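Q: Structure file protein.cif (mmCIF, C-alpha atoms) is given on the next line.
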```
data_start
loop_
_atom_site.label_atom_id
_atom_site.label_comp_id
_atom_site.auth_asym_id
_atom_site.auth_seq_id
_atom_site.Cartn_x
_atom_site.Cartn_y
_atom_site.Cartn_z
CA MET I 1 59.91 -4.08 27.19
CA LYS I 2 61.12 -7.21 25.47
CA GLN I 3 64.22 -9.11 26.48
CA ARG I 4 67.27 -7.86 24.55
CA THR I 5 69.31 -10.58 22.79
CA GLN I 6 72.73 -10.63 21.10
CA SER I 7 72.37 -13.14 18.22
CA ASN I 8 73.05 -12.34 14.56
CA ALA I 9 70.74 -10.00 12.65
CA ARG I 10 68.63 -11.26 9.77
CA GLY I 11 70.01 -8.58 7.46
CA LEU I 12 71.69 -5.20 7.34
CA ILE I 13 69.66 -2.02 7.13
CA GLY I 14 71.89 -0.87 4.32
CA LEU I 15 70.45 -3.57 2.01
CA LEU I 16 66.88 -2.43 2.49
CA CYS I 17 66.72 0.41 -0.03
CA ALA I 18 66.18 -1.84 -3.02
CA ILE I 19 63.84 -4.13 -1.09
CA ALA I 20 61.79 -1.17 0.14
CA MET I 21 61.11 -0.09 -3.44
CA LEU I 22 59.67 -3.51 -4.17
CA VAL I 23 57.46 -3.79 -1.10
CA ALA I 24 56.29 -0.20 -0.59
CA GLY I 25 52.74 -1.45 -0.87
CA PHE I 26 53.12 -3.89 2.04
CA ALA I 27 49.96 -3.67 4.14
CA VAL I 28 50.25 -1.95 7.50
CA ALA I 29 47.27 -0.52 9.35
CA PRO I 30 47.16 3.26 8.78
CA ALA I 31 47.29 5.72 11.65
CA THR I 32 43.84 6.91 12.65
CA GLN I 33 44.69 9.74 15.04
CA ALA I 34 44.52 13.22 13.52
CA HIS I 35 47.69 15.32 13.77
CA ALA I 36 48.81 18.72 12.55
CA ALA I 37 50.04 19.20 9.00
CA ASP I 38 53.54 20.02 10.30
CA SER I 39 53.94 16.57 11.86
CA MET I 40 54.65 13.10 10.47
CA PRO I 41 54.54 9.58 11.92
CA VAL I 42 57.83 7.96 12.88
CA TYR I 43 57.56 4.17 12.80
CA ARG I 44 59.09 1.89 15.39
CA LEU I 45 60.31 -1.63 14.62
CA TYR I 46 62.04 -4.32 16.65
CA ASN I 47 64.61 -6.95 15.66
CA GLU I 48 64.14 -9.93 17.96
CA ASN I 49 67.55 -11.34 16.95
CA THR I 50 69.63 -8.30 17.87
CA GLY I 51 67.45 -6.49 20.40
CA GLU I 52 67.50 -3.27 18.39
CA HIS I 53 64.61 -0.86 18.05
CA PHE I 54 64.71 1.07 14.78
CA TYR I 55 62.92 4.32 13.94
CA THR I 56 62.07 5.64 10.51
CA PRO I 57 59.69 8.15 8.89
CA GLY I 58 59.87 6.18 5.63
CA VAL I 59 56.97 3.92 4.71
CA GLY I 60 59.12 2.04 2.19
CA GLU I 61 61.92 1.49 4.71
CA ARG I 62 59.39 0.38 7.32
CA ASN I 63 57.81 -2.10 4.92
CA GLY I 64 61.18 -3.43 3.80
CA LEU I 65 62.09 -4.24 7.39
CA ILE I 66 58.78 -5.96 8.03
CA TYR I 67 59.34 -8.01 4.87
CA ILE I 68 62.64 -9.42 6.17
CA GLY I 69 61.29 -10.24 9.63
CA TRP I 70 61.40 -7.16 11.82
CA LYS I 71 58.39 -6.74 14.10
CA TYR I 72 56.35 -3.61 13.51
CA GLU I 73 55.45 -1.92 16.82
CA GLY I 74 53.42 0.99 15.50
CA ILE I 75 54.09 4.71 15.59
CA GLY I 76 56.96 5.55 17.91
CA TRP I 77 56.11 9.26 17.92
CA TRP I 78 54.84 12.07 15.71
CA GLY I 79 57.83 14.05 14.52
CA ALA I 80 58.15 17.60 13.26
CA THR I 81 58.68 18.33 9.57
CA SER I 82 61.05 21.20 10.37
CA GLY I 83 63.14 22.42 13.28
CA ALA I 84 66.55 21.54 14.72
CA PRO I 85 68.07 18.70 12.63
CA VAL I 86 68.50 15.16 13.99
CA TYR I 87 70.88 12.71 12.27
CA ARG I 88 70.83 8.91 12.11
CA MET I 89 74.14 7.03 12.15
CA TYR I 90 74.82 3.33 11.46
CA ASN I 91 77.58 1.22 13.02
CA PRO I 92 78.37 -1.75 10.73
CA ASN I 93 80.99 -3.04 13.16
CA ALA I 94 78.59 -3.64 16.06
CA LYS I 95 77.35 -7.20 16.43
CA GLY I 96 74.19 -7.26 14.30
CA GLY I 97 74.64 -3.60 13.37
CA ASP I 98 73.39 -0.64 15.40
CA HIS I 99 71.94 2.82 14.91
CA TYR I 100 72.31 6.04 16.85
CA TYR I 101 70.34 9.28 16.60
CA THR I 102 71.75 12.67 17.54
CA ARG I 103 71.11 16.41 17.25
CA ASP I 104 74.84 17.09 17.53
CA HIS I 105 76.41 17.35 14.06
CA ASN I 106 79.90 17.35 15.56
CA GLU I 107 79.11 14.12 17.42
CA ALA I 108 77.86 12.58 14.18
CA GLN I 109 81.05 13.64 12.37
CA HIS I 110 83.14 12.10 15.16
CA LEU I 111 81.27 8.82 14.84
CA ALA I 112 81.83 8.90 11.08
CA SER I 113 85.58 9.28 11.70
CA LEU I 114 85.42 6.09 13.80
CA GLY I 115 83.82 4.07 11.02
CA TRP I 116 80.12 4.78 11.46
CA HIS I 117 78.11 5.49 8.31
CA TRP I 118 75.86 8.46 7.69
CA ASP I 119 72.28 7.42 6.98
CA ASN I 120 70.15 9.46 4.58
CA ASN I 121 73.34 10.67 2.83
CA GLY I 122 74.17 12.82 5.86
CA ALA I 123 70.95 14.83 5.67
CA PRO I 124 68.74 15.16 8.76
CA LEU I 125 66.24 12.34 9.09
CA PHE I 126 64.22 13.94 11.90
CA TYR I 127 63.70 17.41 13.36
CA SER I 128 63.39 18.56 16.96
CA ALA I 129 60.32 20.73 17.54
CA GLY I 130 57.13 20.52 19.58
CA ASP I 131 56.08 20.33 23.21
CA ILE I 132 56.49 16.61 23.92
CA ASN I 133 59.67 15.03 25.25
CA LEU I 134 61.29 12.11 23.44
CA TYR I 135 63.44 10.26 25.97
CA VAL I 136 66.65 8.32 25.36
CA ALA I 137 68.20 5.61 27.52
CA TYR I 138 71.50 3.79 27.00
CA ASN I 139 72.28 0.12 27.67
CA PRO I 140 76.01 -0.12 28.49
CA ASN I 141 75.90 -3.91 28.09
CA ALA I 142 74.55 -3.97 24.53
CA GLN I 143 76.18 -3.54 21.14
CA SER I 144 73.07 -3.55 19.00
CA GLY I 145 70.02 -1.78 20.39
CA ALA I 146 72.18 0.17 22.83
CA HIS I 147 69.88 3.23 22.67
CA ASN I 148 66.13 3.31 23.13
CA TYR I 149 63.92 6.29 22.20
CA THR I 150 60.41 6.68 23.53
CA THR I 151 57.70 9.13 24.55
CA ASN I 152 56.52 6.53 27.05
CA GLY I 153 57.48 7.68 30.55
CA SER I 154 56.73 4.29 32.08
CA GLU I 155 58.95 2.54 29.52
CA GLN I 156 61.77 5.00 30.18
CA ASN I 157 61.55 4.62 33.94
CA ASN I 158 61.42 0.83 33.62
CA LEU I 159 64.63 0.78 31.57
CA LEU I 160 66.43 3.04 34.05
CA SER I 161 65.32 0.81 36.93
CA HIS I 162 66.94 -2.16 35.12
CA GLY I 163 70.37 -0.59 34.70
CA TRP I 164 70.00 1.52 31.58
CA LEU I 165 71.78 4.89 31.80
CA PHE I 166 71.65 8.42 30.43
CA GLY I 167 67.95 9.01 31.05
CA ALA I 168 67.47 12.32 29.26
CA VAL I 169 65.40 14.18 26.71
CA ALA I 170 66.80 13.33 23.27
CA TRP I 171 64.76 15.96 21.41
CA LYS I 172 61.25 17.38 21.15
CA VAL I 173 58.43 15.88 19.10
CA LYS I 174 54.91 16.81 18.06
CA GLY I 175 52.90 13.85 19.34
CA LEU I 176 53.00 10.77 21.57
CA GLY I 177 53.58 7.30 20.22
CA GLU I 178 51.21 4.38 20.28
CA GLY I 179 51.31 2.59 23.60
CA GLY I 180 53.53 5.35 24.90
CA SER I 181 53.07 7.59 27.88
CA THR I 182 49.67 8.43 26.52
CA ALA I 183 47.54 9.80 29.29
CA VAL I 184 44.08 8.56 30.08
CA ALA I 185 41.44 11.29 29.90
CA VAL I 186 39.64 11.75 33.22
CA ASP I 187 37.08 14.25 34.53
CA LYS I 188 35.49 14.29 31.10
CA ASP I 189 32.90 16.98 30.38
CA VAL I 190 33.57 18.62 33.76
CA THR I 191 36.95 20.39 33.78
CA GLY I 192 37.24 24.13 33.24
CA ILE I 193 40.20 26.43 32.67
CA GLY I 194 42.91 26.50 35.35
CA SER I 195 41.44 23.66 37.48
CA ALA I 196 37.93 25.13 37.72
CA GLU I 197 35.17 22.56 38.13
CA GLN I 198 32.34 23.23 35.71
CA ARG I 199 30.22 21.45 33.14
CA ASN I 200 32.17 21.85 29.91
CA PRO I 201 31.43 19.29 27.16
CA GLY I 202 34.57 17.99 25.49
CA SER I 203 36.87 18.93 28.37
CA PHE I 204 39.12 16.56 30.29
CA ARG I 205 42.14 16.25 32.51
CA LEU I 206 44.86 13.73 31.80
CA GLU I 207 46.22 11.01 34.02
CA TYR I 208 49.65 9.52 33.43
CA SER I 209 51.42 6.59 35.01
CA ASN I 210 54.92 7.60 36.08
CA LYS I 211 55.08 10.78 34.00
CA PRO I 212 58.81 11.68 33.89
CA PHE I 213 59.87 14.74 35.86
CA ASP I 214 60.69 18.03 34.17
CA ASN I 215 64.34 19.03 34.58
CA ALA I 216 65.08 22.14 36.65
CA ASN I 217 67.72 23.78 38.82
CA PHE I 218 66.58 25.51 42.01
CA THR I 219 68.28 28.23 44.03
CA GLY I 220 67.16 29.91 47.22
CA ASN I 221 63.91 28.90 48.90
CA PRO I 222 60.51 27.91 47.53
CA THR I 223 57.95 30.70 47.28
CA ILE I 224 55.71 28.60 49.49
CA GLU I 225 55.90 25.10 50.95
CA PHE I 226 53.30 23.08 52.81
CA ARG I 227 54.23 20.10 55.02
CA ALA I 228 52.47 17.72 57.37
CA ASP I 229 52.41 14.16 58.65
CA MET I 230 49.20 12.58 57.41
CA ALA I 231 47.34 9.32 57.82
CA MET I 232 44.02 8.24 56.37
CA SER I 233 41.80 5.21 56.69
CA SER I 234 38.40 3.99 55.56
CA SER I 235 36.40 0.82 55.08
CA ALA I 236 35.34 2.01 51.60
CA SER I 237 36.78 0.43 48.46
CA ASP I 238 37.68 3.79 46.87
CA TYR I 239 38.69 6.95 48.74
CA GLU I 240 41.29 9.70 48.59
CA THR I 241 42.87 12.71 50.26
CA GLN I 242 44.35 15.75 48.52
CA PHE I 243 47.15 17.90 49.92
CA ILE I 244 47.16 21.11 47.89
CA ILE I 245 48.72 24.54 47.31
CA GLY I 246 46.35 26.68 45.25
CA GLY I 247 46.31 30.20 43.92
CA ASN I 248 43.43 32.47 44.90
CA GLY I 249 42.58 34.28 41.67
CA ASN I 250 40.31 33.44 38.79
CA ALA I 251 41.55 30.28 37.00
CA SER I 252 44.36 30.34 39.56
CA GLY I 253 45.45 26.72 39.44
CA GLN I 254 46.59 24.27 42.09
CA VAL I 255 49.40 21.78 42.68
CA GLY I 256 49.94 19.08 45.22
CA LEU I 257 49.65 15.46 46.25
CA GLY I 258 46.80 13.02 46.13
CA LEU I 259 46.72 9.78 48.10
CA HIS I 260 44.22 7.40 46.59
CA PHE I 261 43.12 3.97 47.77
CA GLN I 262 41.36 1.71 45.32
CA ALA I 263 40.24 -1.92 45.37
CA GLY I 264 39.32 -3.18 41.93
CA ASN I 265 40.97 -3.86 38.58
CA ASP I 266 42.01 -0.44 37.30
CA ALA I 267 45.45 -0.88 35.68
CA ARG I 268 46.42 2.71 36.45
CA TYR I 269 46.65 1.95 40.17
CA ALA I 270 48.21 -0.63 42.43
CA GLN I 271 45.15 -2.30 43.93
CA ASN I 272 44.40 -2.49 47.66
CA LYS I 273 47.16 0.01 48.41
CA ILE I 274 47.37 3.77 48.80
CA ASN I 275 48.74 5.23 45.57
CA VAL I 276 50.67 8.50 45.32
CA THR I 277 49.56 11.00 42.70
CA THR I 278 51.09 14.38 41.84
CA ILE I 279 48.53 17.01 40.83
CA ASP I 280 49.41 19.87 38.47
CA PHE I 281 46.62 22.21 37.31
CA PRO I 282 48.44 25.42 36.27
CA GLU I 283 46.85 28.87 36.14
CA ASN I 284 44.71 29.28 33.02
CA SER I 285 45.60 25.77 31.88
CA SER I 286 43.60 24.42 29.02
CA ASP I 287 40.49 22.40 29.76
CA ARG I 288 41.85 19.86 27.26
CA ALA I 289 44.95 18.31 28.79
CA ASP I 290 47.35 20.96 30.13
CA GLN I 291 46.31 19.92 33.64
CA PHE I 292 47.12 16.42 34.78
CA TYR I 293 47.53 13.83 37.49
CA SER I 294 50.69 11.69 37.45
CA VAL I 295 50.53 8.40 39.33
CA ASN I 296 54.01 7.63 40.62
CA THR I 297 53.83 3.85 40.74
CA ALA I 298 57.33 3.66 42.22
CA ALA I 299 55.97 5.37 45.33
CA SER I 300 52.87 3.19 45.59
CA GLY I 301 52.08 0.80 48.39
CA LEU I 302 51.47 3.09 51.34
CA ALA I 303 49.39 1.47 54.07
CA LYS I 304 46.16 2.51 55.73
CA GLY I 305 46.37 4.31 59.04
CA ILE I 306 50.14 4.92 58.85
CA TYR I 307 51.52 8.46 59.07
CA TYR I 308 53.51 9.68 56.07
CA LYS I 309 55.37 12.97 55.71
CA LEU I 310 53.94 14.95 52.78
CA GLU I 311 55.54 18.05 51.24
CA VAL I 312 54.47 20.31 48.39
CA LYS I 313 56.75 23.11 47.18
CA TYR I 314 56.02 25.85 44.67
CA TRP I 315 58.91 27.78 43.12
CA GLY I 316 57.19 30.83 41.68
CA ALA I 317 60.24 32.52 40.14
CA GLN I 318 61.34 29.33 38.38
CA GLY I 319 57.79 28.23 37.55
CA TYR I 320 58.02 24.71 39.00
CA MET I 321 56.37 22.58 41.64
CA GLN I 322 57.69 19.60 43.62
CA THR I 323 56.01 16.91 45.71
CA PHE I 324 57.62 14.61 48.28
CA VAL I 325 56.59 11.59 50.37
CA ASN I 326 58.86 10.77 53.31
CA GLY I 327 61.55 12.97 51.79
CA ARG I 328 61.41 11.21 48.42
CA LEU I 329 60.76 13.34 45.34
CA VAL I 330 57.66 11.92 43.61
CA GLY I 331 56.83 14.82 41.26
CA GLN I 332 58.57 17.79 39.63
CA TYR I 333 56.80 19.70 36.88
CA LYS I 334 56.59 23.09 35.22
CA THR I 335 53.59 25.07 36.42
CA LYS I 336 52.24 28.50 37.28
CA LEU I 337 49.90 29.58 40.09
CA ARG I 338 48.12 32.90 40.39
CA ALA I 339 48.05 34.41 43.87
CA ASP I 340 46.20 37.72 44.01
CA GLY I 341 47.67 39.82 46.80
CA GLY I 342 50.48 37.29 47.08
CA ARG I 343 48.43 34.79 49.08
CA TYR I 344 48.01 31.09 48.41
CA ILE I 345 45.26 28.77 49.63
CA LEU I 346 46.47 25.65 51.40
CA HIS I 347 44.11 22.79 52.06
CA CYS I 348 43.94 19.12 52.86
CA ASN I 349 40.60 17.50 52.17
CA SER I 350 39.47 13.89 52.34
CA ASN I 351 36.44 11.65 52.03
CA ALA I 352 38.13 9.23 54.45
CA ALA I 353 39.14 9.46 58.09
CA LEU I 354 41.89 12.09 58.05
CA TYR I 355 44.60 12.70 60.64
CA LEU I 356 47.13 15.55 60.37
CA ARG I 357 50.15 16.23 62.55
CA ASN I 358 52.99 18.78 62.48
CA ILE I 359 51.57 21.11 59.84
CA THR I 360 54.20 23.61 58.69
CA VAL I 361 53.95 26.46 56.20
CA LYS I 362 56.96 28.43 54.96
CA ARG I 363 57.11 31.53 52.74
CA ASP I 364 60.53 32.12 51.19
CA GLY I 365 62.06 29.84 53.82
CA ILE I 366 60.42 31.59 56.81
CA ASP I 367 57.98 29.70 59.04
CA VAL I 368 54.56 31.40 58.79
CA THR I 369 52.40 28.52 60.05
CA HIS I 370 50.58 30.74 62.57
CA LYS I 371 50.54 33.89 60.44
CA GLY I 372 48.00 33.11 57.76
CA ALA I 373 44.62 34.74 57.26
CA PRO I 374 43.12 32.39 58.27
CA SER I 375 46.07 30.45 59.64
CA PHE I 376 46.54 26.91 60.83
CA SER I 377 45.97 27.90 64.43
CA SER I 378 46.59 24.27 65.34
CA THR I 379 49.17 22.03 63.74
CA SER I 380 47.23 18.82 64.47
CA TYR I 381 43.74 17.82 63.32
CA ASP I 382 41.69 14.64 63.60
CA LEU I 383 38.75 14.35 61.20
CA PRO I 384 37.39 10.81 61.71
CA GLY I 385 34.52 11.46 59.34
CA GLY I 386 36.62 13.18 56.68
CA GLY I 387 36.53 16.87 55.79
CA THR I 388 38.80 19.79 54.98
CA VAL I 389 41.51 21.71 56.81
CA ALA I 390 42.53 24.99 55.15
CA GLY I 391 44.54 28.18 55.51
CA ALA I 392 45.50 31.24 53.45
CA TYR I 393 49.10 32.48 53.26
#
```
Just give me the structure as structure tokens.

A:
Amino acid sequence: MKQRTQSNARGLIGLLCAIAMLVAGFAVAPATQAHAADSMPVYRLYNENTGEHFYTPGVGERNGLIYIGWKYEGIGWWGATSGAPVYRMYNPNAKGGDHYYTRDHNEAQHLASLGWHWDNNGAPLFYSAGDINLYVAYNPNAQSGAHNYTTNGSEQNNLLSHGWLFGAVAWKVKGLGEGGSTAVAVDKDVTGIGSAEQRNPGSFRLEYSNKPFDNANFTGNPTIEFRADMAMSSSASDYETQFIIGGNGNASGQVGLGLHFQAGNDARYAQNKINVTTIDFPENSSDRADQFYSVNTAASGLAKGIYYKLEVKYWGAQGYMQTFVNGRLVGQYKTKLRADGGRYILHCNSNAALYLRNITVKRDGIDVTHKGAPSFSSTSYDLPGGGTVAGAY
């Protein structure tokens, strides 16, 4: 993210209508990614003098802003062409001017009573619909550019870590923005439905960096939880261990933690450190992106040979999973596992030296560590050459 400033703006948005008509042919590279007919690109621009990001579906408005000096940053997201209305308001009294976007018509009317202006003659400018979260963050120290909207989970988390507030989902959109929290496709031409491994041309899993957590409220106890203290070590330049709860049916899915060490130049990972990755492959998930890894860079930097407390929880009734490292939540996502006969497969497997201590399994809050079929008859394992430890519960 760029440094926000508080100098005067080069011009008011309200003056752009006439300019936009004159410069509608201003050259901007067209979008190349194919999207559904019920979606439209929403353009993102940045005013270096005021620190404001501005969002518009209008090509003419976009080009008018570019003409007077705003920086074009590409497509902010792909918006819906119908759905719940979203309004854009303009504050002419803020230093440099400012815009705010809201689904709440009453909130928009309240702002209008305080001197804000309705954009688009009070008609909705956007619509909320789709499966992708658009996040909003608020800068309490800014007048212009006080709200930022993004599909980029890393950008959102970075703002919140620097004092921005109100990290929430603003509304739903149809597609990710350019440079946003776009996931990298991995396991290409291998992945099958619901985490199955099979040769399947055109398939892939996704990998995100700091994918934001899904919001949820939990009551009672997890359906199943799997805990242990784990350490791993190797002289190799790339190795990993996975700590997993899996269903046991066809296309059953699996969730859990991955600890991955890598030495190289891959920007998705902190190099020469053990990175924490949450794994979510739901039951019957698509072989084209419903299953994903999320690298929690904020939890990176674990050291070789040091024991860390790992926890994976699956809340079957609520349809969520959670992952923890040393008591810190590092993943929380919607998911669904299939457990025929009510049993889940628990396993920890590694291609590095693996050391497990204090394995604990709970079903609905009750300790069942020694009651599986098979069970973890021991709660400590040393696998210097790597391998797998597993149970069924």

Q: List the residues sitting within 7 Å of (50.5, 17.5, 44.1) in the file's frame, using only C-alpha atoms, as a PyMOL selection string.

A: chain I and resi 243-244+255-258+277-280+312+323

Q: Counting only C-alpha atoms, which residue out of I:Ile66, I:Ile245, I:Val59, I:Leu329 sits closest to I:Tyr46?

A: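 Ranked by minimum distance to I:Tyr46, first place goes to I:Ile66.
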
Q: Run the PyMOL selection byres ((chain I and resi 317) around 10) mentally over the shown coordinates, then write out the matched residues as a list in words, using the chain letters and numbers from the document.

A: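 Listing what the PyMOL selection byres ((chain I and resi 317) around 10) selects in the shown file: Phe218, Thr219, Pro222, Thr223, Tyr314, Trp315, Gly316, Gln318, Gly319, Tyr320 and Lys336 of chain I.
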
Q: With all atoms listed in the file as the atoms that count, which of I:Tyr87, I:Tyr138, I:Phe292, I:Tyr127 lies nearest to I:Gly253?

A: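 That would be I:Phe292, the residue with the smallest distance to I:Gly253.
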
Q: Could you build a table of the residues in stretch 210-268 of chain I lying no more than 9 Å from stretch 347-362 of chain I, giving for each the nearest pair of atoms and their separation in Å rounded to one decimal place, using only C-alpha atoms, ordered by chain and ascending residue number, as CSV?

A:
```
residue,atom,partner,partner_atom,distance
I:Pro222,CA,I:Lys362,CA,8.3
I:Thr223,CA,I:Lys362,CA,8.1
I:Ile224,CA,I:Lys362,CA,5.6
I:Glu225,CA,I:Lys362,CA,5.3
I:Phe226,CA,I:Val361,CA,4.8
I:Arg227,CA,I:Thr360,CA,5.1
I:Ala228,CA,I:Ile359,CA,4.3
I:Asp229,CA,I:Arg357,CA,5.0
I:Met230,CA,I:Leu356,CA,4.7
I:Ala231,CA,I:Tyr355,CA,5.2
I:Met232,CA,I:Leu354,CA,4.7
I:Ser233,CA,I:Ala353,CA,5.2
I:Ser234,CA,I:Ala352,CA,5.4
I:Ser235,CA,I:Ala352,CA,8.6
I:Ala236,CA,I:Ala352,CA,8.2
I:Tyr239,CA,I:Asn351,CA,6.2
I:Glu240,CA,I:Ser350,CA,5.9
I:Thr241,CA,I:Ser350,CA,4.2
I:Gln242,CA,I:Cys348,CA,5.5
I:Phe243,CA,I:Cys348,CA,4.5
I:Ile244,CA,I:His347,CA,5.4
I:Ile245,CA,I:His347,CA,6.8
I:Gly246,CA,I:His347,CA,8.2
```

Q: Could you tell me how far atom CA of I:Ser377 lies from atom CA of I:Asp364, in Å and to one decimal?

A: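 Interatomic distance, atom CA of I:Ser377 to atom CA of I:Asp364: 20.1 Å.
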
Q: Figure out the distance between atom CA of I:Gln322 and atom CA of I:Ser252, please, to one decimal in Å.

A: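 It comes out at 17.6 Å.
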
Q: What is the atom CA of I:Gly342 to atom CA of I:Gly247 distance in Å?

A: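 One can read the atom CA of I:Gly342 to atom CA of I:Gly247 distance as 8.8 Å.
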
Q: I want to know what sits within 8 Å of I:Gln271, based on all atoms listed in the file, with residues of the same chain fewer than 3 positions away left out; could you give that as a PDB file with C-alpha atoms, in the coordinates of the input?

A:
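Listed below is the output, selection_23.pdb:
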```
ATOM      1  CA  PHE I 261      43.120   3.970  47.770  1.00  0.00           C
ATOM      2  CA  GLN I 262      41.360   1.710  45.320  1.00  0.00           C
ATOM      3  CA  ALA I 263      40.240  -1.920  45.370  1.00  0.00           C
ATOM      4  CA  GLY I 264      39.320  -3.180  41.930  1.00  0.00           C
ATOM      5  CA  ASN I 265      40.970  -3.860  38.580  1.00  0.00           C
ATOM      6  CA  ASP I 266      42.010  -0.440  37.300  1.00  0.00           C
TER       7      ASP I 266
END
```

Q: Residues near I:Asp287, anyone? I mean within 10 Å using all atoms listed in the file, not counting same-chain ones fewer than 5 positions away, as a PyMOL selection string.

A: chain I and resi 188-197+200-206+281

Q: Which residues come within 12 Å of I:His105, counting only C-alpha atoms, excluding same-chain residues fewer than 3 positions away, as an mmCIF file with C-alpha atoms, in the coordinates of the input?

A:
```cif
data_model
loop_
_atom_site.group_PDB
_atom_site.id
_atom_site.type_symbol
_atom_site.label_atom_id
_atom_site.label_comp_id
_atom_site.auth_asym_id
_atom_site.auth_seq_id
_atom_site.Cartn_x
_atom_site.Cartn_y
_atom_site.Cartn_z
ATOM 1 C CA ALA I 84 66.550 21.540 14.720
ATOM 2 C CA PRO I 85 68.070 18.700 12.630
ATOM 3 C CA VAL I 86 68.500 15.160 13.990
ATOM 4 C CA TYR I 87 70.880 12.710 12.270
ATOM 5 C CA ARG I 88 70.830 8.910 12.110
ATOM 6 C CA MET I 89 74.140 7.030 12.150
ATOM 7 C CA TYR I 101 70.340 9.280 16.600
ATOM 8 C CA THR I 102 71.750 12.670 17.540
ATOM 9 C CA ALA I 108 77.860 12.580 14.180
ATOM 10 C CA GLN I 109 81.050 13.640 12.370
ATOM 11 C CA HIS I 110 83.140 12.100 15.160
ATOM 12 C CA LEU I 111 81.270 8.820 14.840
ATOM 13 C CA ALA I 112 81.830 8.900 11.080
ATOM 14 C CA TRP I 118 75.860 8.460 7.690
ATOM 15 C CA GLY I 122 74.170 12.820 5.860
ATOM 16 C CA ALA I 123 70.950 14.830 5.670
ATOM 17 C CA PRO I 124 68.740 15.160 8.760
#
```
